[in-house]
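One structure is given here, and the rest of the page talks about it.
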Amino acid sequence: MTAPKKLFIKTYGCQMNVYDSERMAEALGGKGYVETKSADDADMILLNTCHIREKAAEKVYSELGRFKGLKAEKPDLKIGVAGCVAQAEGEEIMRRQPLVDLVVGPQSYHRLPEMEEKTQTGEKALDTDFPEEDKFEKLKRRPKAKRGPTAFLTVQEGCDKFCAFCVVPYTRGTEVSRPADRILTEARDLVERGVREITLLGQNVNAYHGGMTLAQLIWELDKVDGLERIRFTTSHPNDMQDDLIEAHGTCAKLMPYLHLPVQAGSDKILKRMNRSHTAESYLRVIERIRAARPDILISGDFIVGFPEETEEDFQATLDLIKEVKYGTAYSFKYSTRPGTPAAERPQVDPEEADDRLRRLQALLNQQQREVQDSMVGREVGVLFEKPGRFDGQMVGKSDYLHAVHVADCSKKAGDLARVRIVSSGTNSLAGELID
């Protein structure tokens, strides 16, 4: 029998890229590939890239440069670039780095088997189209291998919001929602394979419109036997509809955690960002969500040093943070993205932006610690995912997405149990099982 070929995938960026990498592995599984955790062992290397962070393309070229020696040792090794940098750079990647055999955008990875065949003949393979066919349905049916207790499930891709700082509409395309029946079929399949928690993914997931609203989809998933937890990310404040807010208070499987980016607290900056909401409208959404589910943990995104941001604008962001009290947040210093409107505007002094980021992160870290410390003494549900670093220890996630470790734990991966939190560490909580 022919030995299986080995595939190494390195994934950058968001949870959707994690999901896409799993689908790429499935697509190439039909061509005889099995995954390996080492690039040195691989017959094919795929870099599944992200274009959100600063100098993303240059970092990809740097990573590719590290494979020159490996390619020289293994001339038959195939190297590919996938994801959002592939979509943005296209054929330029092959021109700048001739060792690359394959470039595929995030909407075309279902075509990987045909592209791989082309590379085996010595040709280069490039596909950065936005094809009409449904890439999810074009993949071969996934093998019934056992899965871990948690999984991502993409329900929506792309974005129509065109924020002034963001490249997503250009690399992922405009908003497209998967049909609800296909999502439900995939969810049941995941549960059959051991999954107990599903996170619904989308660049703008609460704009889902695949024959029903996101809230209606959540209620359909609520009926799936064996599925115990539902989450979703990432949302836009303008699409937090009444039924979705209500679901947070009435659907027991929908976890009390919401990632709702605001980006800034200054209306002037929000307008320049083309966010289409104000600080006040965002705060009113948070108010309604907390009325529906008082214990919900709110997460957010923030950009400091956006073009033309003043100290007064920055203080407005700090004021909003103090009012919301975030349980966790992601914060970044603005960096230009070529082709986006904000790239052409007057930029904030880098040292001033660095100082604002330090001050903002100090406030966010303080809030995160306060929220985490407030969990001590409370009883929470924990879905155990894996053994911890110490003998007998198990680690999992709470309802609020906090990492929780339990010593001398009788549970195994996939078990859901009630845990009393006994202490709060730097980035995790310690708990004990409730008999």
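Ordering of the structure tokens sets the chain letters (A, B, ...); residue numbers start at 1 within each chain; ligands are numbered from 1 in the order shown.
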Please identify every residue of region 285-389 of chain A that has at least one atom no farther than 6 Å from an atom of region 409-427 of chain A, counting only C-alpha atoms, and for each give the shortest atom pair and the distance in Å to one decimal, arranged by chain then increasing number, as a tab-separated table.
```
residue	atom	partner	partner_atom	distance
A:Asp373	CA	A:Ser424	CA	5.6
A:Val376	CA	A:Ile421	CA	4.9
A:Gly377	CA	A:Ile421	CA	5.3
A:Arg378	CA	A:Arg420	CA	5.7
A:Glu379	CA	A:Arg420	CA	4.4
A:Val380	CA	A:Val419	CA	5.4
A:Gly381	CA	A:Arg418	CA	4.7
A:Val382	CA	A:Ala417	CA	5.5
A:Leu383	CA	A:Leu416	CA	4.4
A:Phe384	CA	A:Ala413	CA	5.0
A:Glu385	CA	A:Ala413	CA	4.6
A:Lys386	CA	A:Ala413	CA	5.3
```
Suppose we keep C-alpha atoms; can you now write the selection as an mmCIF file, in the first residue's frame?
```cif
data_model
loop_
_atom_site.group_PDB
_atom_site.id
_atom_site.type_symbol
_atom_site.label_atom_id
_atom_site.label_comp_id
_atom_site.auth_asym_id
_atom_site.auth_seq_id
_atom_site.Cartn_x
_atom_site.Cartn_y
_atom_site.Cartn_z
ATOM 1 C CA ASP A 373 -11.970 37.707 41.125
ATOM 2 C CA VAL A 376 -14.586 33.199 43.620
ATOM 3 C CA GLY A 377 -17.240 31.463 45.738
ATOM 4 C CA ARG A 378 -19.660 31.087 42.824
ATOM 5 C CA GLU A 379 -20.895 27.846 41.309
ATOM 6 C CA VAL A 380 -20.470 27.554 37.536
ATOM 7 C CA GLY A 381 -20.806 24.932 34.864
ATOM 8 C CA VAL A 382 -17.494 23.691 33.447
ATOM 9 C CA LEU A 383 -17.050 21.687 30.256
ATOM 10 C CA PHE A 384 -13.821 19.758 30.714
ATOM 11 C CA GLU A 385 -11.592 19.674 27.644
ATOM 12 C CA LYS A 386 -8.216 18.122 28.546
#
```
Backbone-only DSSP, strand (DSSP E or B) members of region 221-407 of chain A, as a ChimeraX atom specification: /A:229-233,254,257-259,263,297-304,328-333,379-387,394-398,403-406
Put those residues in a file: N, CA and C atoms, as a compact mmCIF listing (two decimals), in the first residue's frame.
```txt
# COMPACT_ATOMS: atom_id res chain seq x y z
N ARG A 229 -24.11 23.35 24.86
CA ARG A 229 -23.74 24.76 24.92
C ARG A 229 -23.68 25.37 23.52
N ILE A 230 -24.11 26.63 23.42
CA ILE A 230 -24.07 27.38 22.17
C ILE A 230 -23.44 28.74 22.44
N ARG A 231 -22.52 29.13 21.58
CA ARG A 231 -21.93 30.47 21.61
C ARG A 231 -21.94 31.02 20.19
N PHE A 232 -21.67 32.32 20.04
CA PHE A 232 -21.52 32.90 18.70
C PHE A 232 -20.56 34.08 18.76
N THR A 233 -19.85 34.31 17.66
CA THR A 233 -18.91 35.43 17.54
C THR A 233 -18.57 35.60 16.06
N LEU A 254 -27.67 28.79 25.47
CA LEU A 254 -26.90 29.94 25.01
C LEU A 254 -26.11 30.50 26.18
N TYR A 257 -22.13 34.88 27.60
CA TYR A 257 -20.91 35.54 27.13
C TYR A 257 -21.22 36.16 25.78
N LEU A 258 -20.85 37.43 25.62
CA LEU A 258 -21.11 38.11 24.35
C LEU A 258 -19.92 38.97 23.97
N HIS A 259 -19.37 38.70 22.79
CA HIS A 259 -18.30 39.55 22.24
C HIS A 259 -18.96 40.56 21.31
N GLN A 263 -14.97 49.41 19.32
CA GLN A 263 -13.79 50.01 18.72
C GLN A 263 -13.38 51.35 19.32
N LEU A 297 -21.24 38.10 30.64
CA LEU A 297 -19.90 38.67 30.56
C LEU A 297 -19.75 39.31 29.19
N ILE A 298 -19.38 40.58 29.16
CA ILE A 298 -19.25 41.32 27.91
C ILE A 298 -17.77 41.41 27.53
N SER A 299 -17.50 41.10 26.27
CA SER A 299 -16.16 41.22 25.70
C SER A 299 -16.22 42.26 24.57
N GLY A 300 -15.08 42.90 24.29
CA GLY A 300 -15.08 43.94 23.26
C GLY A 300 -13.76 44.03 22.52
N ASP A 301 -13.76 44.87 21.47
CA ASP A 301 -12.57 45.20 20.70
C ASP A 301 -12.36 46.70 20.73
N PHE A 302 -11.09 47.13 20.78
CA PHE A 302 -10.78 48.56 20.78
C PHE A 302 -9.57 48.85 19.90
N ILE A 303 -9.66 49.97 19.19
CA ILE A 303 -8.54 50.47 18.40
C ILE A 303 -8.18 51.85 18.93
N VAL A 304 -6.92 52.05 19.28
CA VAL A 304 -6.47 53.37 19.70
C VAL A 304 -5.54 53.94 18.64
N THR A 328 -13.53 40.81 29.45
CA THR A 328 -12.34 40.57 28.65
C THR A 328 -12.43 41.46 27.43
N ALA A 329 -11.30 41.73 26.79
CA ALA A 329 -11.31 42.61 25.63
C ALA A 329 -10.03 42.42 24.83
N TYR A 330 -10.08 42.81 23.57
CA TYR A 330 -8.94 42.78 22.67
C TYR A 330 -8.66 44.21 22.22
N SER A 331 -7.42 44.65 22.34
CA SER A 331 -7.11 46.05 22.04
C SER A 331 -5.87 46.13 21.17
N PHE A 332 -5.88 47.10 20.26
CA PHE A 332 -4.82 47.21 19.27
C PHE A 332 -4.50 48.68 19.00
N LYS A 333 -3.28 48.92 18.61
CA LYS A 333 -2.91 50.22 18.07
C LYS A 333 -3.22 50.22 16.58
N GLU A 379 -20.78 29.14 41.97
CA GLU A 379 -20.90 27.85 41.31
C GLU A 379 -21.13 28.08 39.82
N VAL A 380 -20.35 27.40 38.98
CA VAL A 380 -20.47 27.55 37.54
C VAL A 380 -20.46 26.19 36.88
N GLY A 381 -20.96 26.13 35.67
CA GLY A 381 -20.81 24.93 34.86
C GLY A 381 -19.45 24.94 34.19
N VAL A 382 -18.78 23.81 34.12
CA VAL A 382 -17.49 23.69 33.45
C VAL A 382 -17.55 22.51 32.49
N LEU A 383 -17.20 22.75 31.24
CA LEU A 383 -17.05 21.69 30.26
C LEU A 383 -15.56 21.34 30.19
N PHE A 384 -15.23 20.16 30.67
CA PHE A 384 -13.82 19.76 30.71
C PHE A 384 -13.34 19.37 29.32
N GLU A 385 -12.11 19.85 28.99
CA GLU A 385 -11.59 19.67 27.64
C GLU A 385 -10.34 18.80 27.57
N LYS A 386 -9.49 18.84 28.63
CA LYS A 386 -8.22 18.12 28.55
C LYS A 386 -7.59 18.02 29.93
N PRO A 387 -6.63 17.11 30.10
CA PRO A 387 -5.88 17.05 31.36
C PRO A 387 -5.04 18.31 31.54
N MET A 394 -7.79 18.43 35.70
CA MET A 394 -8.50 18.61 34.44
C MET A 394 -8.78 20.10 34.23
N VAL A 395 -8.80 20.47 32.95
CA VAL A 395 -8.99 21.88 32.58
C VAL A 395 -10.17 21.99 31.63
N GLY A 396 -10.97 23.04 31.82
CA GLY A 396 -12.09 23.28 30.93
C GLY A 396 -12.48 24.74 30.92
N LYS A 397 -13.63 25.03 30.31
CA LYS A 397 -14.13 26.40 30.22
C LYS A 397 -15.44 26.51 30.99
N SER A 398 -15.57 27.63 31.71
CA SER A 398 -16.82 27.91 32.42
C SER A 398 -17.87 28.43 31.46
N ALA A 403 -11.07 30.04 31.77
CA ALA A 403 -10.37 28.77 31.93
C ALA A 403 -10.43 28.37 33.41
N VAL A 404 -10.83 27.12 33.66
CA VAL A 404 -10.97 26.62 35.03
C VAL A 404 -10.20 25.31 35.15
N HIS A 405 -9.37 25.19 36.20
CA HIS A 405 -8.68 23.92 36.45
C HIS A 405 -9.12 23.36 37.80
N VAL A 406 -9.27 22.03 37.83
CA VAL A 406 -9.74 21.33 39.02
C VAL A 406 -8.75 20.22 39.35
```
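For the residues A:Lys325, A:Arg111, A:His236, A:Arg178, ranking by smallest atom-to-atom distance to Val371 (chain A) using only C-alpha atoms places A:Lys325 first.
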Nearby residues (only C-alpha atoms) at most 10 Å from Leu46 (chain A), same-chain spacing under 3 positions excluded, as a PyMOL selection string: chain A and resi 7-11+21+24-25+39+42+49+78-83+100+102-104
Residues of region 239-298 of chain A at most 12 Å from region 317-322 of chain A: nearest atom pair and distance in Å, only C-alpha atoms, as JSON lines:
```
{"residue": "A:Pro261", "atom": "CA", "partner": "A:Ile321", "partner_atom": "CA", "distance": 11.5}
{"residue": "A:Val262", "atom": "CA", "partner": "A:Thr317", "partner_atom": "CA", "distance": 9.4}
{"residue": "A:Gln263", "atom": "CA", "partner": "A:Thr317", "partner_atom": "CA", "distance": 8.4}
{"residue": "A:Ala264", "atom": "CA", "partner": "A:Thr317", "partner_atom": "CA", "distance": 5.2}
{"residue": "A:Gly265", "atom": "CA", "partner": "A:Thr317", "partner_atom": "CA", "distance": 3.7}
{"residue": "A:Ser266", "atom": "CA", "partner": "A:Thr317", "partner_atom": "CA", "distance": 6.1}
{"residue": "A:Asp267", "atom": "CA", "partner": "A:Thr317", "partner_atom": "CA", "distance": 9.6}
{"residue": "A:Lys268", "atom": "CA", "partner": "A:Thr317", "partner_atom": "CA", "distance": 11.3}
{"residue": "A:Ile269", "atom": "CA", "partner": "A:Thr317", "partner_atom": "CA", "distance": 9.8}
{"residue": "A:Leu270", "atom": "CA", "partner": "A:Thr317", "partner_atom": "CA", "distance": 10.4}
{"residue": "A:Thr278", "atom": "CA", "partner": "A:Leu320", "partner_atom": "CA", "distance": 11.1}
{"residue": "A:Ala279", "atom": "CA", "partner": "A:Leu320", "partner_atom": "CA", "distance": 7.4}
{"residue": "A:Glu280", "atom": "CA", "partner": "A:Leu320", "partner_atom": "CA", "distance": 9.1}
{"residue": "A:Ser281", "atom": "CA", "partner": "A:Leu320", "partner_atom": "CA", "distance": 11.6}
{"residue": "A:Tyr282", "atom": "CA", "partner": "A:Leu320", "partner_atom": "CA", "distance": 9.5}
{"residue": "A:Leu283", "atom": "CA", "partner": "A:Leu320", "partner_atom": "CA", "distance": 8.0}
{"residue": "A:Arg284", "atom": "CA", "partner": "A:Leu320", "partner_atom": "CA", "distance": 11.7}
{"residue": "A:Ile286", "atom": "CA", "partner": "A:Leu320", "partner_atom": "CA", "distance": 11.2}
{"residue": "A:Ile298", "atom": "CA", "partner": "A:Ile321", "partner_atom": "CA", "distance": 10.8}
```
Coordinates-based distance that separates CA of Leu190 (chain A) from CA of Ala151 (chain A) (Å, one decimal): 7.7 Å
Taking the chain letters and numbering used in this document, name the residues of region 145-341 of chain A that DSSP puts in alpha helix (DSSP H), as a PDB file with C-alpha atoms, in the first residue's frame.
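Everything below was put into selection-v6.pdb:
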```pdb
ATOM      1  CA  VAL A 168     -12.467  41.897   5.471  1.00  0.00           C
ATOM      2  CA  PRO A 169     -14.957  42.978   2.746  1.00  0.00           C
ATOM      3  CA  TYR A 170     -12.088  42.875   0.248  1.00  0.00           C
ATOM      4  CA  THR A 171     -10.623  39.518   1.308  1.00  0.00           C
ATOM      5  CA  ALA A 180     -29.961  26.758   8.075  1.00  0.00           C
ATOM      6  CA  ASP A 181     -30.674  23.126   7.169  1.00  0.00           C
ATOM      7  CA  ARG A 182     -27.034  22.560   6.199  1.00  0.00           C
ATOM      8  CA  ILE A 183     -25.826  24.142   9.439  1.00  0.00           C
ATOM      9  CA  LEU A 184     -28.138  21.959  11.493  1.00  0.00           C
ATOM     10  CA  THR A 185     -26.970  18.848   9.640  1.00  0.00           C
ATOM     11  CA  GLU A 186     -23.348  19.744  10.340  1.00  0.00           C
ATOM     12  CA  ALA A 187     -24.146  20.461  13.997  1.00  0.00           C
ATOM     13  CA  ARG A 188     -25.817  17.059  14.458  1.00  0.00           C
ATOM     14  CA  ASP A 189     -22.832  15.413  12.782  1.00  0.00           C
ATOM     15  CA  LEU A 190     -20.461  17.166  15.199  1.00  0.00           C
ATOM     16  CA  VAL A 191     -22.532  16.072  18.203  1.00  0.00           C
ATOM     17  CA  GLU A 192     -22.503  12.464  16.970  1.00  0.00           C
ATOM     18  CA  LEU A 214     -29.544  34.000  14.220  1.00  0.00           C
ATOM     19  CA  ALA A 215     -31.850  33.743  17.227  1.00  0.00           C
ATOM     20  CA  GLN A 216     -34.131  31.342  15.360  1.00  0.00           C
ATOM     21  CA  LEU A 217     -31.104  29.268  14.348  1.00  0.00           C
ATOM     22  CA  ILE A 218     -29.997  29.145  17.993  1.00  0.00           C
ATOM     23  CA  TRP A 219     -33.444  27.884  19.022  1.00  0.00           C
ATOM     24  CA  GLU A 220     -33.240  25.157  16.351  1.00  0.00           C
ATOM     25  CA  LEU A 221     -29.824  24.141  17.689  1.00  0.00           C
ATOM     26  CA  ASP A 222     -31.314  24.129  21.183  1.00  0.00           C
ATOM     27  CA  ASP A 242     -34.759  41.954  19.769  1.00  0.00           C
ATOM     28  CA  ASP A 243     -35.119  38.180  19.392  1.00  0.00           C
ATOM     29  CA  LEU A 244     -31.375  37.640  19.831  1.00  0.00           C
ATOM     30  CA  ILE A 245     -31.285  39.786  22.959  1.00  0.00           C
ATOM     31  CA  GLU A 246     -34.308  37.903  24.317  1.00  0.00           C
ATOM     32  CA  ALA A 247     -32.628  34.538  23.603  1.00  0.00           C
ATOM     33  CA  HIS A 248     -29.848  35.434  26.034  1.00  0.00           C
ATOM     34  CA  GLY A 249     -32.403  35.473  28.801  1.00  0.00           C
ATOM     35  CA  THR A 250     -34.515  32.490  27.765  1.00  0.00           C
ATOM     36  CA  ASP A 267     -18.713  59.623  18.223  1.00  0.00           C
ATOM     37  CA  LYS A 268     -16.346  61.619  16.009  1.00  0.00           C
ATOM     38  CA  ILE A 269     -13.987  58.657  15.684  1.00  0.00           C
ATOM     39  CA  LEU A 270     -16.836  56.164  15.286  1.00  0.00           C
ATOM     40  CA  LYS A 271     -18.131  58.233  12.372  1.00  0.00           C
ATOM     41  CA  ARG A 272     -14.675  58.347  10.781  1.00  0.00           C
ATOM     42  CA  ALA A 279     -21.340  55.420  21.813  1.00  0.00           C
ATOM     43  CA  GLU A 280     -24.800  56.059  23.269  1.00  0.00           C
ATOM     44  CA  SER A 281     -26.553  53.558  20.983  1.00  0.00           C
ATOM     45  CA  TYR A 282     -23.935  50.949  21.876  1.00  0.00           C
ATOM     46  CA  LEU A 283     -24.442  51.554  25.597  1.00  0.00           C
ATOM     47  CA  ARG A 284     -28.209  51.186  25.187  1.00  0.00           C
ATOM     48  CA  VAL A 285     -27.687  47.793  23.488  1.00  0.00           C
ATOM     49  CA  ILE A 286     -25.493  46.672  26.406  1.00  0.00           C
ATOM     50  CA  GLU A 287     -28.177  47.905  28.805  1.00  0.00           C
ATOM     51  CA  ARG A 288     -30.870  45.818  27.067  1.00  0.00           C
ATOM     52  CA  ILE A 289     -28.672  42.717  26.969  1.00  0.00           C
ATOM     53  CA  ARG A 290     -27.936  42.968  30.680  1.00  0.00           C
ATOM     54  CA  ALA A 291     -31.633  43.457  31.405  1.00  0.00           C
ATOM     55  CA  ALA A 292     -32.245  40.129  29.630  1.00  0.00           C
ATOM     56  CA  GLU A 311      -6.687  62.944  23.713  1.00  0.00           C
ATOM     57  CA  GLU A 312     -10.302  63.995  24.247  1.00  0.00           C
ATOM     58  CA  ASP A 313     -11.479  61.265  21.871  1.00  0.00           C
ATOM     59  CA  PHE A 314      -9.346  58.747  23.713  1.00  0.00           C
ATOM     60  CA  GLN A 315     -10.769  59.819  27.075  1.00  0.00           C
ATOM     61  CA  ALA A 316     -14.259  59.160  25.663  1.00  0.00           C
ATOM     62  CA  THR A 317     -13.167  55.586  24.975  1.00  0.00           C
ATOM     63  CA  LEU A 318     -11.915  55.188  28.545  1.00  0.00           C
ATOM     64  CA  ASP A 319     -15.229  56.593  29.832  1.00  0.00           C
ATOM     65  CA  LEU A 320     -17.190  54.035  27.810  1.00  0.00           C
ATOM     66  CA  ILE A 321     -15.016  51.196  29.129  1.00  0.00           C
ATOM     67  CA  LYS A 322     -15.601  52.335  32.709  1.00  0.00           C
ATOM     68  CA  GLU A 323     -19.352  52.359  32.129  1.00  0.00           C
ATOM     69  CA  VAL A 324     -19.555  48.918  30.468  1.00  0.00           C
TER      70      VAL A 324
END
```
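Of the residues under consideration (A:Gln15, A:Glu123, A:Asp76, A:Thr310), A:Thr310 shows the shortest atom-to-atom contact distance to Val348 (chain A) when counting only C-alpha atoms.
Atom to atom, CA of Tyr208 (chain A) and CA of Val18 (chain A) stand 19.9 Å apart.
Shortest atom-to-atom contact with Gln203 (chain A) among A:Ser335, A:Thr128, A:Asn48, A:Asn17: A:Asn17, counting only C-alpha atoms.
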